[in-house]
Amino acid sequence: MSVDNLTAVLYGVEDLRLEQRPIPSIKDDQVLICMDSIGICGSDVHYLVNGRIGPFIVKDPMIIGHESSGVVHKVGKSVKNLKVGDRVAIEPGVPCRYCDDCKQGRYNLCADVVFCATPPDHGNLTRFYAHAADFCFKLPDHVTMEEGALMEPLSVGIHTCRRGGVGFGKNVLILGAGPIGLCSLIAAKYLGAENIIITDIVQDRLDLAKELGAKHTLLVKPDDDEDDLVKQVHQKLGCAPEISMECNGRQASTRLGIKATRSGGRVVIVGNGPPDVTVPLIAGSTREVDILGVFRYCNEYPLALEMVSSGTIDVKKLITHHFDITQTNEAFDTARYGRGGAIKVIIHATPRNQNNPKPF
Ligand code: 572
Ligand code: ZN
């Protein structure tokens with residue numbers, strides 16, 4: 001009898017299919033994972049709608065999905081850190097381990113990284129998936145599989161805060177209250193920032209941000225005057241922020257971030273926007289405002305797990321929808337059109353709650 005390995009494969013623009021794939025074999029340093037929860041990321045939707053992100057083009061059918069968790073089903077010969085039955089969060093990018101970037105500890109910059117669902121590399125919205133054992137993190141018994149999947153966007157938020165130098169007593173501006181803005185907010189609070197203002201064009205998202213601990217919110221409209229927004233940020237925050245985080249990829253947000261940031265402060269760019277944007281560069285550079293890039297994350301999964309397992313933060317509040325893997329296309333429509341106020345949509349490759357601590 002053949003084993004069910006239902007898999008979501010992106011063939012090209014607007015062409016996401018569910019089909020059976022063979023169960024992958026594992027290398028000595030890998031584990032075979034029975035997949036549980038997979039979150040839909042903005043980039044998954046972008047590949048479905050546009051077939052590419054910049055130079056990364058879906059040329060051949062690609063398994064989608066990279067925010068995930070599962071249960072170890074089989075271990076390779078040399079695996080020491082995991083055993084069959086362990087519930088794990090999966091860090092989706094496996095670097096080469098040999099290049100200068102890897103050796104210097106900045107493995108997120110590795111040019112040869114294999115990253116789930118970035119063409120040509122397959123993702124893991126599937127029932128069975130093979131992954132490097134040392135990029136799987138055992139979940140404590142009381143942490144849910146959904147939280148395991150959310151370790152991925154939370155790692156982006158932590159990395160963003162670390163790049164920005166967020167710490168106790170810092171005043172922070174977050175531009176955009178989508179999943180990455182909200183994960184950055186959660187991380188900033190955990191790292192000690194109290195005075196945080198967050199902006200968005202959708203009031204519901206700002207309401208959730210308030211629940212997650214934002215002290216101030218600012219609803220912005222596309223035709224708002226930039227300098228007036230700078231004033232409003234300073235007024236609400238009571239000062240100019242030392243750190244601004246651009247989390248939605250909009251030119252207007254990047255511009256506002258640079259103008260609003262205190263002299264000598266930092267603007268961190270994590271939002272994925274158009275390749276070329278026009279910014280008030282001199283207004284920033286003459287005040288020694290540093291503009292920093294963010295690319296995914298490195299070595300952030302352990303802290304992400306600690307944040308959740310200690311009960312200090314509640315990342316589950318981001319989850320608005322659940323779907324079974326058989327409903328993958330409906331799940332993507334929900335994420336894509338923001339149906340029902342969708343923030344984070346989770347797809348279940350194993351029936352929901354089957355691997356979760358009881359009672360739910
Ligand atoms: O969860 C990681 C992640 N990274 C994103 C987007 C969504 N999720 N990035 C933005 C797009 N870039 S990229 O360099 N690329 C497609 C490889 O343009 C990666 C980081
Ligand atoms: Zn992502």
# chains A, B, ... in the order shown; residues from 1 in each chain; ligands from 1
call {"tool": "select_by_dssp", "arguments": {"residues": "stretch 33-96 of chain A", "states": "strand (DSSP E or B)", "output": "PyMOL selection string"}}
result
chain A and resi 33-39+52-53+56-57+62-63+67-75+87-90+93-94
call {"tool": "residues_near_ligand", "arguments": {"ligand": "ligand 1", "cutoff": "6 Å", "atoms": "only C-alpha atoms and all ligand atoms", "output": "list in words"}}
result
Gly42, Ser43, Ile53, Gly54, Phe56, Thr118, Pro153, Asn272, Phe295 and Arg296 of chain A
call {"tool": "select_by_dssp", "arguments": {"residues": "stretch 177-294 of chain A", "states": "alpha helix (DSSP H)", "output": "PyMOL selection string"}}
result
chain A and resi 179-190+203-211+226-237+251-260+281-285
call {"tool": "residues_around", "arguments": {"residues": "stretch 21-27 of chain A", "least_positions_apart": "5", "cutoff": "8 Å", "atoms": "only C-alpha atoms", "output": "PyMOL selection string"}}
result
chain A and resi 3+5-7+32+75-76+128-131
call {"tool": "closest_residue", "arguments": {"among": "A:Ala240, A:Leu256, A:Ile57, A:Cys161", "to": "A:Thr199", "atoms": "only C-alpha atoms"}}
result
A:Leu256
call {"tool": "residues_near_ligand", "arguments": {"ligand": "ligand 2", "cutoff": "10 Å", "atoms": "only C-alpha atoms and all ligand atoms", "output": "ChimeraX atom specification"}}
result
/A:39-45,65-67,92,116-118,152-153,156,179-180,296
call {"tool": "residues_around", "arguments": {"residues": "stretch 310-327 of chain A", "least_positions_apart": "6", "cutoff": "9 Å", "atoms": "only C-alpha atoms", "output": "number ranges by chain"}}
result
A: 6-8, 18, 39, 125-127, 146-147, 150-151, 154, 179, 182-183, 186-187, 189-190, 208, 211-212, 334-335, 340-352
call {"tool": "closest_residue", "arguments": {"among": "A:Cys110, A:Ile33, A:Val88, A:Met245", "to": "A:Gly181", "atoms": "only C-alpha atoms"}}
result
A:Met245
call {"tool": "closest_residue", "arguments": {"among": "A:Cys298, A:Val71, A:Leu218, A:Ala209", "to": "A:Gly105", "atoms": "only C-alpha atoms"}}
result
A:Cys298
call {"tool": "residues_around", "arguments": {"residues": "A:Tyr107", "least_positions_apart": "5", "cutoff": "7 Å", "atoms": "only C-alpha atoms", "output": "ChimeraX atom specification"}}
result
/A:95,101-102,298
call {"tool": "residues_around", "arguments": {"residues": "A:Arg250", "least_positions_apart": "3", "cutoff": "12 Å", "atoms": "only C-alpha atoms", "output": "ChimeraX atom specification"}}
result
/A:175-176,199-201,222,245-247,253-257,269-279
call {"tool": "atom_distance", "arguments": {"atom1": "atom CA of A:Lys358", "atom2": "atom CA of A:Cys136"}}
result
22.9 Å
call {"tool": "residues_around", "arguments": {"residues": "A:Gln235", "least_positions_apart": "3", "cutoff": "12 Å", "atoms": "only C-alpha atoms", "output": "number ranges by chain"}}
result
A: 197, 216-218, 228-232, 238-241, 260
call {"tool": "atom_distance", "arguments": {"atom1": "atom CA of A:Asp86", "atom2": "atom CA of A:Ile64"}}
result
23.7 Å
call {"tool": "atom_distance", "arguments": {"atom1": "atom CA of A:Met307", "atom2": "atom CA of A:Glu194"}}
result
16.5 Å
call {"tool": "decode", "arguments": {"residues": "stretch 333-347 of chain A", "atoms": "N, CA, C and O atoms", "output": "short mmCIF file (atom, residue, chain, number, x, y, z; two decimals), in the first residue's frame"}}
result
data_model
loop_
_atom_site.label_atom_id
_atom_site.label_comp_id
_atom_site.auth_asym_id
_atom_site.auth_seq_id
_atom_site.Cartn_x
_atom_site.Cartn_y
_atom_site.Cartn_z
N ASP A 333 -6.44 31.70 -0.46
CA ASP A 333 -7.37 32.80 -0.79
C ASP A 333 -7.61 33.66 0.44
O ASP A 333 -7.66 34.89 0.36
N THR A 334 -7.77 33.00 1.59
CA THR A 334 -8.03 33.73 2.83
C THR A 334 -6.86 34.64 3.17
O THR A 334 -7.04 35.82 3.51
N ALA A 335 -5.64 34.11 3.06
CA ALA A 335 -4.45 34.91 3.36
C ALA A 335 -4.29 36.03 2.34
O ALA A 335 -4.02 37.18 2.69
N ARG A 336 -4.51 35.70 1.10
CA ARG A 336 -4.27 36.65 0.00
C ARG A 336 -5.19 37.86 0.05
O ARG A 336 -4.76 39.00 -0.13
N TYR A 337 -6.48 37.60 0.29
CA TYR A 337 -7.46 38.70 0.28
C TYR A 337 -7.74 39.23 1.69
O TYR A 337 -8.59 40.09 1.87
N GLY A 338 -7.03 38.70 2.68
CA GLY A 338 -7.24 39.15 4.06
C GLY A 338 -8.66 38.88 4.51
O GLY A 338 -9.21 39.61 5.34
N ARG A 339 -9.27 37.80 3.96
CA ARG A 339 -10.67 37.47 4.33
C ARG A 339 -10.82 37.30 5.82
O ARG A 339 -9.95 36.70 6.47
N GLY A 340 -11.92 37.81 6.35
CA GLY A 340 -12.22 37.63 7.78
C GLY A 340 -11.12 38.20 8.66
O GLY A 340 -10.85 37.68 9.73
N GLY A 341 -10.48 39.28 8.18
CA GLY A 341 -9.42 39.93 8.96
C GLY A 341 -8.20 39.03 9.16
O GLY A 341 -7.53 39.11 10.19
N ALA A 342 -7.91 38.21 8.15
CA ALA A 342 -6.81 37.24 8.29
C ALA A 342 -5.48 37.91 8.62
O ALA A 342 -5.09 38.90 7.97
N ILE A 343 -4.80 37.38 9.61
CA ILE A 343 -3.42 37.81 9.90
C ILE A 343 -2.54 36.59 9.61
O ILE A 343 -1.82 36.56 8.63
N LYS A 344 -2.62 35.58 10.46
CA LYS A 344 -1.83 34.37 10.20
C LYS A 344 -2.75 33.18 9.98
O LYS A 344 -3.56 32.84 10.84
N VAL A 345 -2.61 32.59 8.81
CA VAL A 345 -3.41 31.42 8.43
C VAL A 345 -2.53 30.18 8.60
O VAL A 345 -1.41 30.14 8.08
N ILE A 346 -3.06 29.20 9.32
CA ILE A 346 -2.31 27.95 9.56
C ILE A 346 -2.95 26.80 8.79
O ILE A 346 -4.18 26.63 8.81
N ILE A 347 -2.11 26.03 8.10
CA ILE A 347 -2.58 24.83 7.41
C ILE A 347 -2.10 23.61 8.20
O ILE A 347 -0.94 23.56 8.63
#
